[in-house]
Amino acid sequence: MNNPKDNINSTQMIVFILSSQIGVGILTLPAKLAEKAGHDGWLSVIISTSICSIIITIMILLLKRYRDKSIIQINNILYGKYLGTFFNLYFIFYFIITTAVIFRSLVDIIQITALNFTPALLLSFVIIIPSTYLCIYGLQPICRYSMLIYLVITVTLLFFLLVANNFKITFLMPLGESGLFKIINSVKSSVISFIGFELVSVIYPYISDKEKILKKSLIANFITGLFYTSIVLATTALFGENILKRLVYPLFSLSRTYNAPIFERLDLFYVALWFPAMIGSTKMYLYASNLAIRDLFKLQPKKIYIFLNVILIILLSRIPTNFFDVNKYSNFLSIMSISIMLFIVFSYFFSFINKRGVNKH
Amino acid sequence: MDIIKDTEIVSDIDLNIKNIDYAFIDCPDIIKNSLYLKDNTKVYYMYVDNLIDTEILYRNFFSSIILLEHKDFANNSYPVYYSDKMKNINSIVTAVLNGNVVFIVNGFEYALSLPITKFDKREIREPDVEKNLRGSHEGFIEPLSVNKSILRRKIKNSNLKFKTCKVGTITNQEISIVYINGIANNDLLNKLYNKISAVNFDGIIGSGYIQQIISDFKYSFFPLYQATERPDIAVAALMEGQFVIIVDGTPVVLIAPVSFSAFFQAVDDYNTHWILGSFTRMTRYFGAFLAIYLSPIYIAMASFHYYMVPLDLLIPFAESRARVPFPPIMEALIMEAIIEFLRESAIRLPSYIGITVGVTGGIILGQATVQAGIVSNIFLIFVGVTALASYVAPSHDMGIAIKFIRIIFMLFSSFFGIIGIVFCSTFLLAHLVTIESLGQPYFQPFSPFKFNDLKDSVIRAPFKYLKKRPSIAKPLKINRGKNNE
Amino acid sequence: MKRRISLILTLIITATTFTGCWDNKYFEDIGFILTSAVEYKDNNLVITFVLPSIDSQNNSSDEVEILTINDSKMSRDSREKSRLVSQKLTESGKIQQFLMSEEFAEKGIGNFFQLFERDLSNSTQAYLVVVEGSPNGLINYLYTLPSKPRVSFYINQIINNNIMECYIPETRIFNVGICKFSEGIDFILPTVKQDKNGLIVTGSALFSNNSMVGKIDTIETSLLLGMMNKLKTSQYISSQIKDDTYPNQPNHGIAIKIKKCKSKIDIDFKDDIPIVTINLKIDSILDENSSNIPMDKNYQKTIQDHISKEIKNECIKILNYTKDVNSDPIGIGNLIRANYNEYWKKVTWKETYKKISFNVNVNVNINNFGLFK
């Protein structure tokens, strides 16, 4: 339930963006890039970082033109009542589908790595509980919890240091062998891993110091970009592009190559460390979808809406039946997210035409 | 409850006596008697037996009052240590119950009270459960006035304020909120005061009652207010801008608002060198961490993830588990139950039997269960270590909370393996970041991350860095020492 | 009404969670396969498992399961068949090493280990070892030796120690997987042999296209590892130093302990054939000198030059051998693919590899000679 003191400042917003970006996308990213661009995947990550920075800048400029309004209200102002409501419903649909896909991937990973025989429905109900709990309490606890993502980043980078003596730089060379066309083609799949920053548009009214938002969100995107680049570089240097194509979760396979002194295998602990990060990513979208529904239908903050949302997401996440089905839905989701980003860019330029409601400083 | 008629005092003393006696029917411990002044004016006095200083009463009061006359009272010229003119029965009753000698002079419409309280109280001694090596060895005791004087002795400053209110519909106890004016935040003070005044209960037998009634998060079993019996902890808290709640009749005071790291701080940390103090503190955190995670990880490895066991332990582990007929979770719960029984019985038995029971339980039961094959011997070591480790936190409340969390972790890890542990940790972290102590986030300074407050949480920074007050209580003045801005 | 709903919900949830733990694998019921061995016998695959015995009743021997499987190519199949005979539920999560016979290695080991890559509970850190002879016979022989520790631990310790001394390479299952998929680099596996004392490490086996093609001994393995930049510390014994400056001394031997070995590979092209120059820089400590000659500057230079020459000849011999069997453990192909990509795409590497010429420059430096001159 949102209390009036449910504001976060811009430093907490960095954590918000980081936590919604770093989720399940990165776990399959190196493999997808190896398939499309060979060993030059990391270049496409760098390109997508810059593309996303541009989109973030445009989005924040759009939000700044209408002071203190979230994207739901801006849509209504900009496009009129009926068209605006249609776009808002599209946004809500997008958030819900993203939550369902992320959640489904999370449950899949749990089943592959640890618990193969537990029924997925029961697992879903249990895993969704922390996210629901945090969503009930609002934005501040969500951001405080998400600071765990720093731990995940640090441990991953430490792990890379540990397996570094197996890296072969020759696996990364020659640079640019795949050619410009393939790299540009693979940008489409790497941009998908960066989605998460568009949630800022929904929580914009709740951020207290709005002048620093632009700088801080660019910092967050930059951190994500660096992190992703290092992951793609490390997995390519360790495995080489050919086997990387066949690995489903390259990061987990990387953790299995390290021989620890006493325990001998640290992979399960590393996998267990990623779960809070993935759960964190789920709850961001859950919260955003809830907030968007509340904003659109002007409802009171009540727990029952969150529960209904959760049940809908669990049911949706059970629809795909196997790995390739999930891939199909992920592709559908990637098209939707690109369309959302283009829509935001378009809205910015459209707001110069339709100047209603724009706040001049 | 209104058997006391809220009547006024009239000039006729016999009517007054009748009214007062009606209020005190069947209270043989209230001594009521009359004496006569020099001009035969009747004076009726009453007091609670054993609550006043009878020596002063007989030696000073009686010997001086019988020399007075009616006109002395009319002129208000009685010796100064008489005080307080009371005009109705209620206030007389309250005054008598508070340890005053109340006397009514015939012909006057008021009663006077003489505060010569003295009663048997416990000596000021170090509390049993909060011992330390280098600090003071004083502890709070039950009466409120003594506690107030202990605090006043330590803080010789007129800014030390006691804001009192009465709670308890039957017991009519006094509760004081202690704070230092100028440092403590006024919004928090008002909030706390409103909460305590709104307490609607029979009587506050222990300060734990207050802790639970005014808590914002009633289902959370983390202690949201720090309970202590030591004055030096209370004084340190006051100087940081926190509030101390003293309840009359119990020596345990509450400190609010408080953060999670306060439950791992002990007085000795500040009296030694900062490196040694930090090391001890980190040992406590590590102990709490082990106490929560060791048993559940054992259960997860033994039930689900056999491949995480180190190679050299593989065969001894399997050998010790092979003799046990129960699954790991049952083994763990049996050991927890045995240790709980030991702990509970050790509290209630007198000390000499308690030691024997501890030795018997610990050594014989432990050895026998391993020999009989009920429990594996590797797990016995784990259980012993965790039982010790869960009480390294200086605060007893936190120790019980840790123990309970561990049992929940064990249950979940037996259902879902390491995912159960991850799920429980996530939920625990989510819970810790949402609960608040008097409106302040509980898990400060870890999250919301305040770098300046980390100096006193996991480590204890040198005194050079401790010059700023922590922000948990939102103090009005940040710097300690001179130039108090 | 609300309380009733929450009560029913709680009952349902607790009932479902308490009914069964689907993934339970209790520790004591599991038989850990610590060593596994595979070989061919009359065209049948014979797989041997070694499970340590942990029951306190039967303290004597470990369980050794032997299965004969007809034309089964799947390692999973063998594990399932082992469950039919074994007393405990066999799981391969802690497998330490995997022995194979030479015949099996020659037939190609490419896809046999995919099982380990797929399931997270299996370990990809097992060592792969080639046994000269029958692994099954080896394991049974080791059981007849009473004074040695448990078989799997014994083999594991010997392999670990020799890896530390850099007499055999450290190749685990994931290394095989990586090399299998990348072009231009091949893996090498240690070889062992049965000996009257137990086990003896004989060197390593060279692979090409995932099948075994050749064998080298331990000294050659350490030099090969040095050229691959993987030599951490090793012992090198040289003999036959004959110098005219010291006519009274017969041929004597020098032993040095190699502290650090850096290898730098340069590739040049001449008539479209690569010429590979490997520069080795070795820092060492003098261990033993079987003659009486005291150390001085000239004598040290003599020793260094002699050892350098000897190592150079050895290395060229090893490299020519690898060229002949068409195995590329150093990864020359990988380097050419990385640095000279157009050339790589032009030629068929397997053909060209036979034609390249090697050149080795060795520079041995003796840093100190201990407490005795």
# chains A, B, ... in the order shown; residues from 1 in each chain; ligands from 1
call {"tool": "interface_residues", "arguments": {"of": "chain A", "to": "chain C", "cutoff": "6 Å", "atoms": "only C-alpha atoms", "output": "list in words"}}
result
Thr113, Leu115, Phe117, Thr118, Thr170, Met173, Pro174, Phe239, Asn242 and Ile243 of chain A
call {"tool": "residues_around", "arguments": {"residues": "B:Ala237", "least_positions_apart": "2", "cutoff": "10 Å", "atoms": "only C-alpha atoms", "output": "number ranges by chain"}}
result
B: 179, 231-235, 239-244, 255-258, 262, 473
call {"tool": "write_last_selection", "arguments": {"atoms": "N, CA and C atoms", "output": "PDB file, in the first residue's frame"}}
result
ATOM      1  N   TYR B 179      14.331  11.637  27.540  1.00  0.00           N
ATOM      2  CA  TYR B 179      15.017  12.099  26.334  1.00  0.00           C
ATOM      3  C   TYR B 179      15.851  13.296  26.706  1.00  0.00           C
ATOM      4  N   PRO B 231      22.135   0.810  33.011  1.00  0.00           N
ATOM      5  CA  PRO B 231      22.031   2.257  32.800  1.00  0.00           C
ATOM      6  C   PRO B 231      23.009   2.774  31.765  1.00  0.00           C
ATOM      7  N   ASP B 232      24.174   2.150  31.639  1.00  0.00           N
ATOM      8  CA  ASP B 232      25.124   2.753  30.698  1.00  0.00           C
ATOM      9  C   ASP B 232      24.652   2.610  29.258  1.00  0.00           C
ATOM     10  N   ILE B 233      23.966   1.517  28.954  1.00  0.00           N
ATOM     11  CA  ILE B 233      23.406   1.408  27.597  1.00  0.00           C
ATOM     12  C   ILE B 233      22.338   2.474  27.391  1.00  0.00           C
ATOM     13  N   ALA B 234      21.507   2.685  28.444  1.00  0.00           N
ATOM     14  CA  ALA B 234      20.445   3.692  28.314  1.00  0.00           C
ATOM     15  C   ALA B 234      21.045   5.076  28.112  1.00  0.00           C
ATOM     16  N   VAL B 235      22.110   5.357  28.859  1.00  0.00           N
ATOM     17  CA  VAL B 235      22.719   6.687  28.735  1.00  0.00           C
ATOM     18  C   VAL B 235      23.314   6.881  27.349  1.00  0.00           C
ATOM     19  N   MET B 239      22.202   9.768  24.578  1.00  0.00           N
ATOM     20  CA  MET B 239      23.087  10.751  23.975  1.00  0.00           C
ATOM     21  C   MET B 239      23.089  10.669  22.468  1.00  0.00           C
ATOM     22  N   GLU B 240      22.501   9.603  21.921  1.00  0.00           N
ATOM     23  CA  GLU B 240      22.389   9.545  20.467  1.00  0.00           C
ATOM     24  C   GLU B 240      21.065  10.068  19.997  1.00  0.00           C
ATOM     25  N   GLY B 241      20.234  10.521  20.932  1.00  0.00           N
ATOM     26  CA  GLY B 241      18.953  11.065  20.530  1.00  0.00           C
ATOM     27  C   GLY B 241      17.826  10.064  20.593  1.00  0.00           C
ATOM     28  N   GLN B 242      18.078   8.890  21.150  1.00  0.00           N
ATOM     29  CA  GLN B 242      17.006   7.917  21.231  1.00  0.00           C
ATOM     30  C   GLN B 242      16.218   8.126  22.517  1.00  0.00           C
ATOM     31  N   PHE B 243      15.088   7.469  22.594  1.00  0.00           N
ATOM     32  CA  PHE B 243      14.215   7.621  23.750  1.00  0.00           C
ATOM     33  C   PHE B 243      14.295   6.384  24.611  1.00  0.00           C
ATOM     34  N   VAL B 244      14.240   6.579  25.931  1.00  0.00           N
ATOM     35  CA  VAL B 244      14.233   5.456  26.858  1.00  0.00           C
ATOM     36  C   VAL B 244      12.878   5.446  27.540  1.00  0.00           C
ATOM     37  N   ILE B 255      14.446   0.927  24.666  1.00  0.00           N
ATOM     38  CA  ILE B 255      15.084   1.993  23.910  1.00  0.00           C
ATOM     39  C   ILE B 255      14.444   2.012  22.527  1.00  0.00           C
ATOM     40  N   ALA B 256      14.059   3.207  22.096  1.00  0.00           N
ATOM     41  CA  ALA B 256      13.425   3.346  20.788  1.00  0.00           C
ATOM     42  C   ALA B 256      13.895   4.640  20.164  1.00  0.00           C
ATOM     43  N   PRO B 257      13.973   4.821  18.873  1.00  0.00           N
ATOM     44  CA  PRO B 257      13.957   3.775  17.868  1.00  0.00           C
ATOM     45  C   PRO B 257      15.324   3.099  17.773  1.00  0.00           C
ATOM     46  N   VAL B 258      15.340   1.893  17.269  1.00  0.00           N
ATOM     47  CA  VAL B 258      16.578   1.145  17.320  1.00  0.00           C
ATOM     48  C   VAL B 258      16.753   0.434  15.988  1.00  0.00           C
ATOM     49  N   ALA B 262      21.996  -2.582  16.480  1.00  0.00           N
ATOM     50  CA  ALA B 262      22.096  -2.312  17.910  1.00  0.00           C
ATOM     51  C   ALA B 262      22.055  -3.593  18.716  1.00  0.00           C
ATOM     52  N   ALA B 473      17.750   7.924  14.950  1.00  0.00           N
ATOM     53  CA  ALA B 473      16.738   8.612  15.739  1.00  0.00           C
ATOM     54  C   ALA B 473      16.518  10.024  15.246  1.00  0.00           C
TER      55      ALA B 473
END
call {"tool": "residues_around", "arguments": {"residues": "B:Asp49", "least_positions_apart": "6", "cutoff": "9 Å", "atoms": "only C-alpha atoms", "output": "ChimeraX atom specification"}}
result
/B:28-31
call {"tool": "interface_residues", "arguments": {"of": "chain A", "to": "chain B", "cutoff": "7 Å", "atoms": "only C-alpha atoms", "output": "number ranges by chain"}}
result
A: 127, 130, 134, 137, 141, 144-145, 262-265, 272, 276
call {"tool": "write_last_selection", "arguments": {"atoms": "N, CA and C atoms", "output": "short mmCIF file (atom, residue, chain, number, x, y, z; two decimals), in the first residue's frame"}}
result
data_model
loop_
_atom_site.label_atom_id
_atom_site.label_comp_id
_atom_site.auth_asym_id
_atom_site.auth_seq_id
_atom_site.Cartn_x
_atom_site.Cartn_y
_atom_site.Cartn_z
N ILE A 127 7.56 -19.43 -4.85
CA ILE A 127 8.60 -18.46 -5.21
C ILE A 127 8.03 -17.06 -5.32
N PRO A 130 7.90 -13.87 -1.83
CA PRO A 130 8.66 -12.67 -1.45
C PRO A 130 8.35 -11.47 -2.33
N LEU A 134 6.90 -7.84 -0.96
CA LEU A 134 7.53 -6.53 -1.13
C LEU A 134 6.62 -5.58 -1.90
N TYR A 137 4.27 -3.68 0.23
CA TYR A 137 4.82 -2.60 1.05
C TYR A 137 5.34 -1.43 0.28
N PRO A 141 10.72 -0.34 0.22
CA PRO A 141 11.31 -1.65 0.54
C PRO A 141 11.84 -2.36 -0.70
N ARG A 144 15.22 -1.03 -1.33
CA ARG A 144 16.18 -1.43 -0.31
C ARG A 144 16.60 -2.87 -0.51
N TYR A 145 15.63 -3.71 -0.85
CA TYR A 145 15.94 -5.12 -1.07
C TYR A 145 16.84 -5.29 -2.28
N ILE A 262 38.27 -26.84 -0.89
CA ILE A 262 37.70 -27.88 -0.03
C ILE A 262 36.42 -28.43 -0.65
N PHE A 263 35.57 -27.53 -1.08
CA PHE A 263 34.26 -27.96 -1.51
C PHE A 263 34.25 -28.57 -2.89
N GLU A 264 35.23 -28.32 -3.64
CA GLU A 264 35.42 -28.85 -4.98
C GLU A 264 34.44 -28.29 -5.98
N ARG A 265 33.19 -28.11 -5.63
CA ARG A 265 32.25 -27.58 -6.60
C ARG A 265 31.47 -26.45 -5.99
N ALA A 272 22.55 -20.49 -6.60
CA ALA A 272 21.66 -20.01 -5.54
C ALA A 272 21.79 -18.52 -5.34
N PRO A 276 18.02 -14.63 -5.89
CA PRO A 276 17.44 -13.37 -5.41
C PRO A 276 17.47 -12.28 -6.47
#
call {"tool": "interface_residues", "arguments": {"of": "chain B", "to": "chain C", "cutoff": "6 Å", "atoms": "only C-alpha atoms", "output": "list of chain:residue names"}}
result
B:Ala302, B:Ser303, B:Phe304, B:Tyr306, B:Tyr307, B:Ala318, B:Glu319, B:Arg321, B:Ala322, B:Phe415
call {"tool": "residues_around", "arguments": {"residues": "stretch 408-410 of chain B", "least_positions_apart": "4", "cutoff": "9 Å", "atoms": "only C-alpha atoms", "output": "PyMOL selection string"}}
result
chain B and resi 292-293+295-297+299-300+329+332-333+403-404+414-415+420-421+424-425
call {"tool": "write_last_selection", "arguments": {"atoms": "N, CA and C atoms", "output": "compact mmCIF listing (two decimals), in the first residue's frame"}}
result
# COMPACT_ATOMS: atom_id res chain seq x y z
N ILE B 292 22.03 -19.38 11.84
CA ILE B 292 20.87 -19.51 10.96
C ILE B 292 21.14 -20.52 9.86
N TYR B 293 22.33 -20.52 9.29
CA TYR B 293 22.53 -21.26 8.05
C TYR B 293 23.13 -22.65 8.19
N SER B 295 22.69 -25.50 10.13
CA SER B 295 21.82 -26.67 10.11
C SER B 295 21.04 -26.81 8.82
N PRO B 296 20.43 -25.72 8.30
CA PRO B 296 19.70 -25.91 7.06
C PRO B 296 20.57 -26.36 5.90
N ILE B 297 21.81 -25.88 5.83
CA ILE B 297 22.67 -26.32 4.72
C ILE B 297 22.99 -27.80 4.90
N ILE B 299 21.03 -30.02 6.20
CA ILE B 299 19.85 -30.78 5.79
C ILE B 299 19.72 -30.76 4.27
N ALA B 300 19.99 -29.62 3.65
CA ALA B 300 19.87 -29.55 2.20
C ALA B 300 20.86 -30.48 1.53
N ILE B 329 15.87 -34.22 8.48
CA ILE B 329 15.07 -33.20 9.12
C ILE B 329 14.57 -33.68 10.48
N ALA B 332 17.36 -33.43 12.89
CA ALA B 332 17.60 -32.06 13.30
C ALA B 332 16.56 -31.60 14.30
N LEU B 333 15.30 -31.94 14.05
CA LEU B 333 14.26 -31.48 14.96
C LEU B 333 14.36 -32.16 16.31
N LYS B 403 16.86 -18.24 16.72
CA LYS B 403 16.58 -19.67 16.84
C LYS B 403 15.31 -20.05 16.10
N PHE B 404 14.31 -19.18 16.20
CA PHE B 404 13.06 -19.49 15.54
C PHE B 404 13.22 -19.44 14.02
N SER B 414 14.15 -28.69 4.09
CA SER B 414 13.85 -30.11 3.91
C SER B 414 12.80 -30.32 2.84
N PHE B 415 12.04 -29.26 2.47
CA PHE B 415 11.10 -29.44 1.37
C PHE B 415 11.74 -29.17 0.03
N GLY B 420 14.86 -23.88 -0.99
CA GLY B 420 14.16 -23.49 0.22
C GLY B 420 14.96 -22.50 1.03
N ILE B 421 16.27 -22.74 1.14
CA ILE B 421 17.12 -21.80 1.88
C ILE B 421 17.13 -20.45 1.18
N CYS B 424 13.81 -18.72 1.77
CA CYS B 424 13.70 -18.18 3.13
C CYS B 424 14.59 -16.98 3.32
N SER B 425 15.80 -17.02 2.76
CA SER B 425 16.69 -15.86 2.92
C SER B 425 16.10 -14.65 2.24
call {"tool": "closest_residue", "arguments": {"among": "C:Ala255, C:Ile273, C:Leu319, C:Ile185", "to": "C:Ser290", "atoms": "only C-alpha atoms"}}
result
C:Ala255
call {"tool": "select_by_dssp", "arguments": {"residues": "stretch 195-334 of chain C", "states": "helix (DSSP H, G or I)", "output": "JSON, numbers by chain"}}
result
{"C": [218, 219, 220, 221, 222, 223, 224, 225, 226, 227, 297, 298, 299, 300, 301, 302, 303, 304, 305, 306, 307, 308, 309, 310, 311, 312, 313, 314, 315, 316, 317, 318, 319, 320, 321, 322, 323, 324, 325, 332, 333, 334]}
call {"tool": "residues_around", "arguments": {"residues": "stretch 316-330 of chain A", "least_positions_apart": "5", "cutoff": "10 Å", "atoms": "only C-alpha atoms", "output": "PyMOL selection string"}}
result
chain A and resi 25+96-105+107-108+120-121+124+192+310-311+335-336
call {"tool": "write_last_selection", "arguments": {"atoms": "C-alpha atoms", "output": "mmCIF file, in the first residue's frame"}}
result
data_model
loop_
_atom_site.group_PDB
_atom_site.id
_atom_site.type_symbol
_atom_site.label_atom_id
_atom_site.label_comp_id
_atom_site.auth_asym_id
_atom_site.auth_seq_id
_atom_site.Cartn_x
_atom_site.Cartn_y
_atom_site.Cartn_z
ATOM 1 C CA GLY A 25 18.033 -11.991 -19.803
ATOM 2 C CA ILE A 96 2.036 -8.468 -17.386
ATOM 3 C CA ILE A 97 3.442 -10.557 -20.227
ATOM 4 C CA THR A 98 6.990 -9.601 -19.275
ATOM 5 C CA THR A 99 6.392 -10.591 -15.688
ATOM 6 C CA ALA A 100 4.952 -13.911 -16.798
ATOM 7 C CA VAL A 101 7.847 -14.662 -19.137
ATOM 8 C CA ILE A 102 10.493 -13.687 -16.584
ATOM 9 C CA PHE A 103 8.746 -15.716 -13.940
ATOM 10 C CA ARG A 104 8.473 -18.691 -16.219
ATOM 11 C CA SER A 105 12.194 -18.523 -17.018
ATOM 12 C CA VAL A 107 10.925 -21.389 -12.499
ATOM 13 C CA ASP A 108 12.518 -23.192 -15.439
ATOM 14 C CA ALA A 120 5.996 -26.337 -11.253
ATOM 15 C CA LEU A 121 2.727 -24.875 -10.030
ATOM 16 C CA SER A 124 5.507 -20.946 -8.633
ATOM 17 C CA ILE A 192 16.210 -7.326 -25.081
ATOM 18 C CA VAL A 310 -0.190 -12.579 -9.012
ATOM 19 C CA ILE A 311 -2.607 -15.367 -9.780
ATOM 20 C CA ILE A 335 9.062 -7.447 -30.433
ATOM 21 C CA MET A 336 6.712 -5.880 -27.914
#
call {"tool": "residues_around", "arguments": {"residues": "C:Lys270", "least_positions_apart": "6", "cutoff": "12 Å", "atoms": "only C-alpha atoms", "output": "short mmCIF file (atom, residue, chain, number, x, y, z; two decimals) with N, CA and C atoms, in the first residue's frame"}}
result
data_model
loop_
_atom_site.label_atom_id
_atom_site.label_comp_id
_atom_site.auth_asym_id
_atom_site.auth_seq_id
_atom_site.Cartn_x
_atom_site.Cartn_y
_atom_site.Cartn_z
N VAL C 276 56.94 -21.88 -37.42
CA VAL C 276 56.59 -21.55 -36.04
C VAL C 276 57.87 -21.52 -35.22
N LYS C 355 52.88 -29.88 -42.76
CA LYS C 355 54.00 -29.33 -43.51
C LYS C 355 54.73 -28.23 -42.76
N ILE C 356 54.21 -27.79 -41.64
CA ILE C 356 54.87 -26.62 -41.04
C ILE C 356 56.18 -27.04 -40.41
N SER C 357 57.06 -26.07 -40.28
CA SER C 357 58.34 -26.39 -39.68
C SER C 357 58.47 -25.67 -38.36
#
